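S.K.: Contents of structure-v7.cif (mmCIF, C-alpha atoms) are below:
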data_work
#
loop_
_atom_site.label_atom_id
_atom_site.label_comp_id
_atom_site.auth_asym_id
_atom_site.auth_seq_id
_atom_site.Cartn_x
_atom_site.Cartn_y
_atom_site.Cartn_z
CA LYS A 24 18.82 5.66 6.04
CA ALA A 25 17.91 2.04 5.32
CA GLY A 26 14.42 1.41 4.05
CA VAL A 27 11.97 -1.30 4.99
CA THR A 28 13.65 -4.67 4.56
CA GLN A 29 11.69 -7.80 3.83
CA THR A 30 13.15 -11.27 3.75
CA PRO A 31 13.15 -13.49 1.86
CA ARG A 32 12.35 -11.84 -1.49
CA TYR A 33 11.08 -15.02 -3.06
CA LEU A 34 9.71 -18.19 -1.55
CA ILE A 35 8.21 -21.39 -2.95
CA LYS A 36 6.20 -23.60 -0.62
CA THR A 37 3.99 -26.65 -0.95
CA ARG A 38 0.31 -26.73 -0.03
CA GLY A 39 -0.18 -27.57 3.62
CA GLN A 40 3.16 -26.19 4.74
CA GLN A 41 3.58 -23.11 6.85
CA VAL A 42 5.73 -20.05 6.14
CA THR A 43 7.18 -17.16 8.10
CA LEU A 44 7.99 -13.82 6.50
CA SER A 45 10.14 -11.17 8.11
CA CYS A 46 10.05 -7.39 8.04
CA SER A 47 12.54 -4.91 9.49
CA PRO A 48 11.07 -1.40 9.58
CA ILE A 49 12.93 1.85 9.11
CA SER A 50 14.94 2.67 12.19
CA GLY A 51 12.74 4.55 14.64
CA HIS A 52 9.48 3.37 13.06
CA ARG A 53 7.30 1.59 15.58
CA SER A 54 4.22 0.87 13.46
CA VAL A 55 4.35 -2.08 11.05
CA SER A 56 1.56 -3.15 8.71
CA TRP A 57 1.22 -6.09 6.36
CA TYR A 58 -0.65 -6.22 3.05
CA GLN A 59 -1.34 -8.99 0.57
CA GLN A 60 -1.27 -8.17 -3.13
CA THR A 61 -2.82 -10.51 -5.71
CA PRO A 62 -3.94 -9.89 -9.31
CA GLY A 63 -7.52 -10.77 -8.45
CA GLN A 64 -8.07 -9.09 -5.09
CA GLY A 65 -5.54 -6.29 -5.33
CA LEU A 66 -4.00 -4.87 -2.18
CA GLN A 67 -5.64 -6.05 1.02
CA PHE A 68 -4.79 -5.17 4.60
CA LEU A 69 -3.73 -8.04 6.83
CA PHE A 70 -2.81 -6.49 10.19
CA GLU A 71 -0.96 -3.69 11.92
CA TYR A 72 1.30 -3.78 14.95
CA PHE A 73 2.42 -0.95 17.16
CA SER A 74 4.65 -1.36 20.18
CA GLU A 75 4.31 -5.15 20.00
CA THR A 76 0.49 -4.99 20.07
CA GLN A 77 -1.85 -5.77 17.22
CA ARG A 78 -3.97 -2.66 16.88
CA ASN A 79 -5.90 -3.49 13.73
CA LYS A 80 -6.71 -6.60 11.71
CA GLY A 81 -8.12 -7.21 8.26
CA ASN A 82 -10.56 -9.83 7.11
CA PHE A 83 -8.29 -12.84 6.73
CA PRO A 84 -8.66 -16.32 8.22
CA GLY A 85 -6.91 -17.30 11.42
CA ARG A 86 -4.21 -19.10 9.40
CA PHE A 87 -2.66 -15.68 8.97
CA SER A 88 -0.96 -14.37 12.07
CA GLY A 89 1.75 -11.96 12.98
CA ARG A 90 3.78 -10.53 15.76
CA GLN A 91 6.09 -7.66 16.51
CA PHE A 92 9.22 -7.75 18.60
CA SER A 93 10.59 -5.18 21.01
CA ASN A 94 12.95 -3.86 18.32
CA SER A 95 9.88 -3.25 16.07
CA ARG A 96 10.81 -6.04 13.67
CA SER A 97 7.77 -8.00 12.62
CA GLU A 98 7.00 -11.45 11.32
CA MET A 99 3.92 -12.85 9.71
CA ASN A 100 3.07 -16.52 9.59
CA VAL A 101 0.74 -18.41 7.31
CA SER A 102 -0.12 -21.95 8.33
CA THR A 103 -1.61 -24.72 6.21
CA LEU A 104 -0.81 -22.95 2.97
CA GLU A 105 -3.34 -22.96 0.14
CA LEU A 106 -2.76 -22.27 -3.54
CA GLY A 107 -4.71 -19.03 -3.13
CA ASP A 108 -2.13 -17.73 -0.67
CA SER A 109 0.27 -17.17 -3.56
CA ALA A 110 0.81 -13.43 -3.52
CA LEU A 111 3.19 -10.56 -2.97
CA TYR A 112 3.26 -9.79 0.74
CA LEU A 113 4.15 -6.21 1.51
CA CYS A 114 5.28 -4.78 4.79
CA ALA A 115 4.98 -1.07 5.54
CA SER A 116 6.26 1.01 8.42
CA SER A 117 5.42 4.36 9.90
CA PRO A 118 6.89 6.27 12.85
CA GLU A 119 3.63 5.78 14.72
CA PRO A 120 -0.04 5.44 13.85
CA THR A 121 -0.50 9.05 12.85
CA VAL A 122 -0.93 10.39 9.37
CA TYR A 123 2.59 10.19 8.06
CA GLY A 124 1.82 7.72 5.36
CA TYR A 125 3.54 4.38 5.18
CA THR A 126 6.88 3.39 3.68
CA PHE A 127 6.69 0.04 1.96
CA GLY A 128 9.29 -2.66 1.51
CA SER A 129 9.88 -4.47 -1.77
CA GLY A 130 7.81 -7.42 -0.64
CA THR A 131 8.11 -11.18 -0.43
CA ARG A 132 6.80 -13.10 -3.41
CA LEU A 133 5.25 -16.31 -2.10
CA THR A 134 4.36 -19.07 -4.52
CA VAL A 135 2.39 -22.06 -3.24
CA VAL A 136 2.55 -25.19 -5.41
CA ALA B 21 -17.34 1.93 5.05
CA GLN B 22 -14.55 3.51 3.09
CA SER B 23 -13.78 2.60 -0.50
CA VAL B 24 -11.75 3.80 -3.44
CA THR B 25 -12.55 3.60 -7.13
CA GLN B 26 -9.94 4.17 -9.77
CA LEU B 27 -11.42 4.80 -13.18
CA GLY B 28 -9.50 3.06 -15.92
CA SER B 29 -7.32 0.05 -15.24
CA HIS B 30 -5.02 1.08 -18.11
CA VAL B 31 -4.12 4.56 -19.31
CA SER B 32 -1.79 5.27 -22.22
CA VAL B 33 -0.28 8.67 -22.98
CA SER B 34 2.42 9.97 -25.25
CA GLU B 35 5.68 11.26 -23.83
CA GLY B 36 5.23 14.95 -22.99
CA ALA B 37 1.44 14.69 -22.74
CA LEU B 38 -0.68 15.37 -19.67
CA VAL B 39 -1.14 12.50 -17.26
CA LEU B 40 -4.52 12.28 -15.53
CA LEU B 41 -5.32 9.30 -13.29
CA ARG B 42 -8.73 9.35 -11.69
CA CYS B 43 -9.64 8.41 -8.14
CA ASN B 44 -12.96 8.70 -6.33
CA TYR B 45 -13.41 7.81 -2.71
CA SER B 46 -16.25 7.02 -0.40
CA SER B 47 -15.99 7.93 3.25
CA SER B 48 -18.42 8.98 5.91
CA VAL B 49 -15.76 10.96 7.75
CA PRO B 50 -12.99 13.26 6.52
CA PRO B 51 -10.51 10.98 4.79
CA TYR B 52 -6.79 10.95 4.42
CA LEU B 53 -5.87 10.20 0.82
CA PHE B 54 -2.71 8.88 -0.76
CA TRP B 55 -1.25 8.06 -4.13
CA TYR B 56 1.36 5.35 -4.41
CA VAL B 57 3.35 4.15 -7.41
CA GLN B 58 4.59 0.61 -7.98
CA TYR B 59 7.29 -0.32 -10.48
CA PRO B 60 7.62 -3.95 -11.61
CA ASN B 61 8.88 -6.26 -8.87
CA GLN B 62 8.97 -3.42 -6.39
CA GLY B 63 7.01 -2.29 -3.37
CA LEU B 64 4.90 0.84 -3.21
CA GLN B 65 6.40 4.32 -3.19
CA LEU B 66 4.45 7.23 -1.73
CA LEU B 67 3.88 9.97 -4.30
CA LEU B 68 1.80 12.35 -2.22
CA LYS B 69 -0.77 12.55 0.54
CA TYR B 70 -3.72 14.70 1.55
CA THR B 71 -4.23 15.13 5.27
CA SER B 72 -6.82 17.95 5.43
CA ALA B 73 -4.41 20.81 4.90
CA ALA B 74 -4.13 22.36 1.41
CA THR B 75 -6.49 20.83 -1.14
CA LEU B 76 -3.84 20.94 -3.88
CA VAL B 77 -1.08 18.57 -2.93
CA LYS B 78 2.29 18.45 -4.62
CA GLY B 79 4.28 15.26 -4.60
CA ILE B 80 7.46 13.81 -5.95
CA ASN B 81 8.47 13.48 -9.59
CA GLY B 82 6.27 16.42 -10.66
CA PHE B 83 2.95 14.82 -9.67
CA GLU B 84 0.16 16.65 -7.92
CA ALA B 85 -3.40 15.89 -6.86
CA GLU B 86 -6.39 17.99 -5.92
CA PHE B 87 -8.83 17.04 -3.19
CA LYS B 88 -12.40 17.95 -4.20
CA LYS B 89 -14.82 17.18 -1.42
CA SER B 90 -17.91 18.04 -3.48
CA GLU B 91 -16.88 15.49 -6.13
CA THR B 92 -15.31 13.02 -3.66
CA SER B 93 -12.33 12.94 -5.96
CA PHE B 94 -8.56 12.98 -5.65
CA HIS B 95 -7.26 12.82 -9.21
CA LEU B 96 -3.53 12.59 -9.90
CA THR B 97 -1.97 14.75 -12.61
CA LYS B 98 1.38 15.49 -14.16
CA PRO B 99 1.77 18.14 -16.87
CA SER B 100 4.28 16.25 -19.00
CA ALA B 101 4.75 12.48 -18.99
CA HIS B 102 8.19 10.90 -19.03
CA MET B 103 9.00 7.36 -20.09
CA SER B 104 10.11 6.70 -16.52
CA ASP B 105 6.53 7.36 -15.32
CA ALA B 106 5.37 4.03 -16.75
CA ALA B 107 4.23 2.07 -13.71
CA GLU B 108 1.11 1.13 -11.78
CA TYR B 109 -0.51 3.79 -9.63
CA PHE B 110 -2.67 3.18 -6.59
CA CYS B 111 -5.01 5.55 -4.83
CA ALA B 112 -5.68 4.80 -1.16
CA VAL B 113 -7.84 6.13 1.64
CA SER B 114 -7.31 5.94 5.36
CA VAL B 115 -9.51 7.02 8.21
CA LEU B 116 -8.90 7.47 11.86
CA HIS B 117 -8.92 4.28 13.92
CA GLY B 118 -8.97 4.76 17.64
CA GLY B 119 -7.82 8.33 17.24
CA SER B 120 -4.89 7.41 15.01
CA GLN B 121 -4.30 6.58 11.39
CA GLY B 122 -6.12 3.49 10.23
CA ASN B 123 -5.14 1.00 7.61
CA LEU B 124 -5.02 1.88 3.94
CA ILE B 125 -7.83 0.86 1.61
CA PHE B 126 -6.55 0.72 -1.94
CA GLY B 127 -8.12 1.09 -5.32
CA LYS B 128 -7.54 -1.58 -7.94
CA GLY B 129 -4.74 0.39 -9.55
CA THR B 130 -4.15 2.05 -12.91
CA LYS B 131 -1.33 0.94 -15.18
CA LEU B 132 0.19 3.90 -16.97
CA SER B 133 1.94 3.35 -20.28
CA VAL B 134 3.99 6.10 -21.89
CA LYS B 135 4.54 5.98 -25.64
CA PRO B 136 7.65 7.55 -27.17
#
Can the structure in the file be given as structure tokens, please?

M.R.:
Amino acid sequence: KAGVTQTPRYLIKTRGQQVTLSCSPISGHRSVSWYQQTPGQGLQFLFEYFSETQRNKGNFPGRFSGRQFSNSRSEMNVSTLELGDSALYLCASSPEPTVYGYTFGSGTRLTVV
Amino acid sequence: AQSVTQLGSHVSVSEGALVLLRCNYSSSVPPYLFWYVQYPNQGLQLLLKYTSAATLVKGINGFEAEFKKSETSFHLTKPSAHMSDAAEYFCAVSVLHGGSQGNLIFGKGTKLSVKP
């Protein structure tokens, strides 16, 4: 069974640009969450989608957005990139928002220069 | 508000020694608790989870954790460390959100080193 797939694995962008990250959950998983991991702030929750609806959102500025498609694949977008957005972005999936725990992908390493 | 505190950002043990990674949580409602492990350049792998069933939870790779409500703790242990256990470990708490699982709130992580 394929795991959670995140693309691309590495990305370098310039300040002010925008970026889109992709996440394909485990087959049959309908809940997708995104987390940002930085050395300073640790792991922080961005948002969660279930059945194409955002059901929960963390404390991030509006430059961070996401969406989920009918096949449960999800994308997150960051507009007007700042140096502080450099981070490992992790996607996690779960069958549904019950207490199964989440399966994480390997992440996308975003570097903003 | 929920929070997680992991005591010790770095822990070093000898191969074959007991591993003890400490986690305390704060939650006003019964929590769900998790331990995840992260190897370099990898995502997070679920080790074990507590979801209000048995207080002693067994996970993968020989790890286990005990939920102690009176101490608000969920410490992770392994009787005998292996070199392959060297990684960063994260404790996380989740509470119900709208009747379903909420997002994870993570501790800052503990890096485990294993000496030969």

S.K.: Distance cut-off 7 Å, counting all atoms listed in the file - which residues of chain A neighbour chain B? Return them as a PyMOL selection string.

M.R.: chain A and resi 65-66+68+113+120-122+126-130

S.K.: Written as a PDB file with C-alpha atoms, in the frame of the given file, which residues does the PyMOL selection byres ((chain B and resi 103) around 10) give for the file shown?

M.R.:
ATOM      1  CA  VAL B  33      -0.280   8.670 -22.980  1.00  0.00           C
ATOM      2  CA  SER B  34       2.420   9.970 -25.250  1.00  0.00           C
ATOM      3  CA  GLU B  35       5.680  11.260 -23.830  1.00  0.00           C
ATOM      4  CA  GLY B  36       5.230  14.950 -22.990  1.00  0.00           C
ATOM      5  CA  ALA B 101       4.750  12.480 -18.990  1.00  0.00           C
ATOM      6  CA  HIS B 102       8.190  10.900 -19.030  1.00  0.00           C
ATOM      7  CA  SER B 104      10.110   6.700 -16.520  1.00  0.00           C
ATOM      8  CA  ASP B 105       6.530   7.360 -15.320  1.00  0.00           C
ATOM      9  CA  ALA B 106       5.370   4.030 -16.750  1.00  0.00           C
ATOM     10  CA  ALA B 107       4.230   2.070 -13.710  1.00  0.00           C
ATOM     11  CA  LEU B 132       0.190   3.900 -16.970  1.00  0.00           C
ATOM     12  CA  SER B 133       1.940   3.350 -20.280  1.00  0.00           C
ATOM     13  CA  VAL B 134       3.990   6.100 -21.890  1.00  0.00           C
ATOM     14  CA  LYS B 135       4.540   5.980 -25.640  1.00  0.00           C
ATOM     15  CA  PRO B 136       7.650   7.550 -27.170  1.00  0.00           C
TER      16      PRO B 136
END

S.K.: Which residues fall under the PyMOL selection byres ((chain A and resi 135) around 7) in this file, as number ranges by chain?

M.R.: A: 35-38, 105-106, 108-109, 133-134, 136

S.K.: Would you mind reading off the distance between CA of Ala74 in chain B and CA of Leu40 in chain B, one decimal, in Å?

M.R.: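 Distance between the two atoms: 19.7 Å.
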
S.K.: Just checking: using all atoms listed in the file, which residue out of A:Lys80, A:Gly124, A:Gln41, A:Gln91 ends up closest to Tyr58 in chain A?

M.R.: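 Among the listed residues, the smallest separation from Tyr58 in chain A belongs to A:Lys80.
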
S.K.: Can you give me, as a VMD selection string, the residues this file yields under the PyMOL selection byres ((chain B and resi 29) around 6)?

M.R.: chain B and resid 28 30 130

S.K.: Which value, in Å to one decimal, gives the distance between CA of Ser54 in chain A and CA of Phe73 in chain A?

M.R.: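 Interatomic distance, CA of Ser54 in chain A to CA of Phe73 in chain A: 4.5 Å.
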
S.K.: Take every atom of range 36-44 of chain B listed in the file, pad by 6 Å on each side, and give me the axis-aligned box centre and edge lengths in Å, one decimal, as lines of an AutoDock Vina configuration file.

M.R.:
center_x = -3.9
center_y = 11.9
center_z = -14.7
size_x = 30.2
size_y = 19.0
size_z = 28.7

S.K.: Enter the distance from CA of Arg96 in chain A to CA of Gln64 in chain A, in Å, rounded to one decimal.

M.R.: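 Calculated distance between CA of Arg96 in chain A and CA of Gln64 in chain A is 26.8 Å.
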
S.K.: Could you name the residues that touch Cys43 in chain B at 7 Å or less, counting all atoms listed in the file, but leaving out those on the same chain fewer than 6 positions away, as an mmCIF file with C-alpha atoms, in the coordinates of the input?

M.R.:
data_model
loop_
_atom_site.group_PDB
_atom_site.id
_atom_site.type_symbol
_atom_site.label_atom_id
_atom_site.label_comp_id
_atom_site.auth_asym_id
_atom_site.auth_seq_id
_atom_site.Cartn_x
_atom_site.Cartn_y
_atom_site.Cartn_z
ATOM 1 C CA VAL B 24 -11.750 3.800 -3.440
ATOM 2 C CA THR B 25 -12.550 3.600 -7.130
ATOM 3 C CA GLN B 26 -9.940 4.170 -9.770
ATOM 4 C CA LEU B 27 -11.420 4.800 -13.180
ATOM 5 C CA SER B 93 -12.330 12.940 -5.960
ATOM 6 C CA PHE B 94 -8.560 12.980 -5.650
ATOM 7 C CA HIS B 95 -7.260 12.820 -9.210
ATOM 8 C CA CYS B 111 -5.010 5.550 -4.830
#

S.K.: I want to know what sits within 10 Å of Leu69 in chain A, based on all atoms listed in the file, with residues of the same chain fewer than 5 positions away left out; could you give that as a ChimeraX atom specification?

M.R.: /A:56-59,79-84,87-89,99,112-114 /B:123

S.K.: Identify which of the residues A:Gly51, A:Pro31, A:Pro62, A:Gly85 lies closest to Arg132 in chain A, counting only C-alpha atoms when measuring atom-to-atom distances.

M.R.: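 When distances to Arg132 in chain A are compared using only C-alpha atoms, the smallest one comes from A:Pro31.
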
S.K.: Can you find the residues with an atom no farther than 8 Å from (4.8, 13.0, -9.4), counting all atoms listed in the file, and report them as a list in words?

M.R.: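 Output of the proximity query reads Leu67, Leu68, Lys78, Gly79, Ile80, Asn81, Gly82, Phe83, Glu84, Thr97 and Lys98 of chain B.
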
S.K.: Which residues are near Ser72 in chain B? Cut-off 9 Å, all atoms listed in the file, ignore same chain within fewer than 6 positions. Put them as a list in words.

M.R.: Pro50, Pro51, Tyr52 and Phe87 of chain B

S.K.: Would you fill out range 84-95 of chain B with all heavy atoms and return it as a short mmCIF file (atom, residue, chain, number, x, y, z; two decimals), in the frame of the given file?

M.R.:
data_model
loop_
_atom_site.label_atom_id
_atom_site.label_comp_id
_atom_site.auth_asym_id
_atom_site.auth_seq_id
_atom_site.Cartn_x
_atom_site.Cartn_y
_atom_site.Cartn_z
N GLU B 84 0.98 15.94 -8.88
CA GLU B 84 0.16 16.65 -7.92
C GLU B 84 -1.26 16.10 -7.97
O GLU B 84 -1.64 15.44 -8.94
CB GLU B 84 0.18 18.16 -8.14
CG GLU B 84 -0.39 18.63 -9.45
CD GLU B 84 -0.31 20.15 -9.57
OE1 GLU B 84 0.68 20.76 -9.11
OE2 GLU B 84 -1.25 20.73 -10.15
N ALA B 85 -2.02 16.36 -6.92
CA ALA B 85 -3.40 15.89 -6.86
C ALA B 85 -4.23 16.94 -6.14
O ALA B 85 -3.74 17.66 -5.27
CB ALA B 85 -3.48 14.56 -6.13
N GLU B 86 -5.48 17.02 -6.52
CA GLU B 86 -6.39 17.99 -5.92
C GLU B 86 -7.53 17.28 -5.23
O GLU B 86 -8.22 16.46 -5.84
CB GLU B 86 -6.93 18.96 -6.96
CG GLU B 86 -7.76 20.08 -6.33
CD GLU B 86 -8.17 21.15 -7.32
OE1 GLU B 86 -7.94 20.96 -8.54
OE2 GLU B 86 -8.71 22.18 -6.88
N PHE B 87 -7.72 17.60 -3.96
CA PHE B 87 -8.83 17.04 -3.19
C PHE B 87 -10.07 17.89 -3.45
O PHE B 87 -10.07 19.10 -3.22
CB PHE B 87 -8.49 17.05 -1.70
CG PHE B 87 -9.63 16.66 -0.81
CD1 PHE B 87 -10.08 15.35 -0.77
CD2 PHE B 87 -10.26 17.60 0.00
CE1 PHE B 87 -11.13 14.98 0.05
CE2 PHE B 87 -11.31 17.24 0.84
CZ PHE B 87 -11.75 15.93 0.86
N LYS B 88 -11.13 17.26 -3.95
CA LYS B 88 -12.40 17.95 -4.20
C LYS B 88 -13.48 17.22 -3.42
O LYS B 88 -13.99 16.18 -3.84
CB LYS B 88 -12.72 17.98 -5.70
CG LYS B 88 -11.79 18.86 -6.50
CD LYS B 88 -12.25 18.99 -7.95
CE LYS B 88 -11.37 19.94 -8.73
NZ LYS B 88 -11.80 20.09 -10.13
N LYS B 89 -13.85 17.82 -2.30
CA LYS B 89 -14.82 17.18 -1.42
C LYS B 89 -16.18 17.03 -2.11
O LYS B 89 -16.84 16.00 -1.98
CB LYS B 89 -14.96 17.98 -0.13
CG LYS B 89 -15.88 17.35 0.89
CD LYS B 89 -15.92 18.17 2.16
CE LYS B 89 -16.87 17.56 3.18
NZ LYS B 89 -16.93 18.38 4.43
N SER B 90 -16.59 18.06 -2.85
CA SER B 90 -17.91 18.04 -3.48
C SER B 90 -18.01 16.93 -4.53
O SER B 90 -19.10 16.42 -4.80
CB SER B 90 -18.19 19.39 -4.14
OG SER B 90 -17.22 19.67 -5.14
N GLU B 91 -16.90 16.54 -5.11
CA GLU B 91 -16.88 15.49 -6.13
C GLU B 91 -16.34 14.17 -5.57
O GLU B 91 -16.26 13.20 -6.31
CB GLU B 91 -16.02 15.93 -7.32
CG GLU B 91 -16.54 17.19 -8.01
CD GLU B 91 -15.64 17.65 -9.14
OE1 GLU B 91 -14.69 16.91 -9.50
OE2 GLU B 91 -15.87 18.75 -9.67
N THR B 92 -15.98 14.17 -4.32
CA THR B 92 -15.31 13.02 -3.66
C THR B 92 -14.22 12.46 -4.56
O THR B 92 -14.15 11.26 -4.81
CB THR B 92 -16.32 11.91 -3.26
OG1 THR B 92 -16.98 11.42 -4.43
CG2 THR B 92 -17.33 12.44 -2.27
N SER B 93 -13.38 13.37 -5.04
CA SER B 93 -12.33 12.94 -5.96
C SER B 93 -10.96 13.37 -5.47
O SER B 93 -10.82 14.31 -4.68
CB SER B 93 -12.58 13.51 -7.36
OG SER B 93 -12.40 14.92 -7.36
N PHE B 94 -9.96 12.69 -5.97
CA PHE B 94 -8.56 12.98 -5.65
C PHE B 94 -7.73 12.53 -6.85
O PHE B 94 -6.95 11.60 -6.78
CB PHE B 94 -8.15 12.25 -4.37
CG PHE B 94 -6.82 12.68 -3.80
CD1 PHE B 94 -6.56 13.99 -3.47
CD2 PHE B 94 -5.82 11.73 -3.56
CE1 PHE B 94 -5.34 14.37 -2.94
CE2 PHE B 94 -4.59 12.10 -3.03
CZ PHE B 94 -4.36 13.43 -2.71
N HIS B 95 -7.92 13.20 -7.96
CA HIS B 95 -7.26 12.82 -9.21
C HIS B 95 -5.78 13.21 -9.22
O HIS B 95 -5.41 14.28 -8.72
CB HIS B 95 -7.95 13.47 -10.41
CG HIS B 95 -9.41 13.11 -10.52
ND1 HIS B 95 -9.93 11.92 -10.07
CD2 HIS B 95 -10.46 13.82 -11.06
CE1 HIS B 95 -11.23 11.88 -10.29
NE2 HIS B 95 -11.58 13.02 -10.90
#
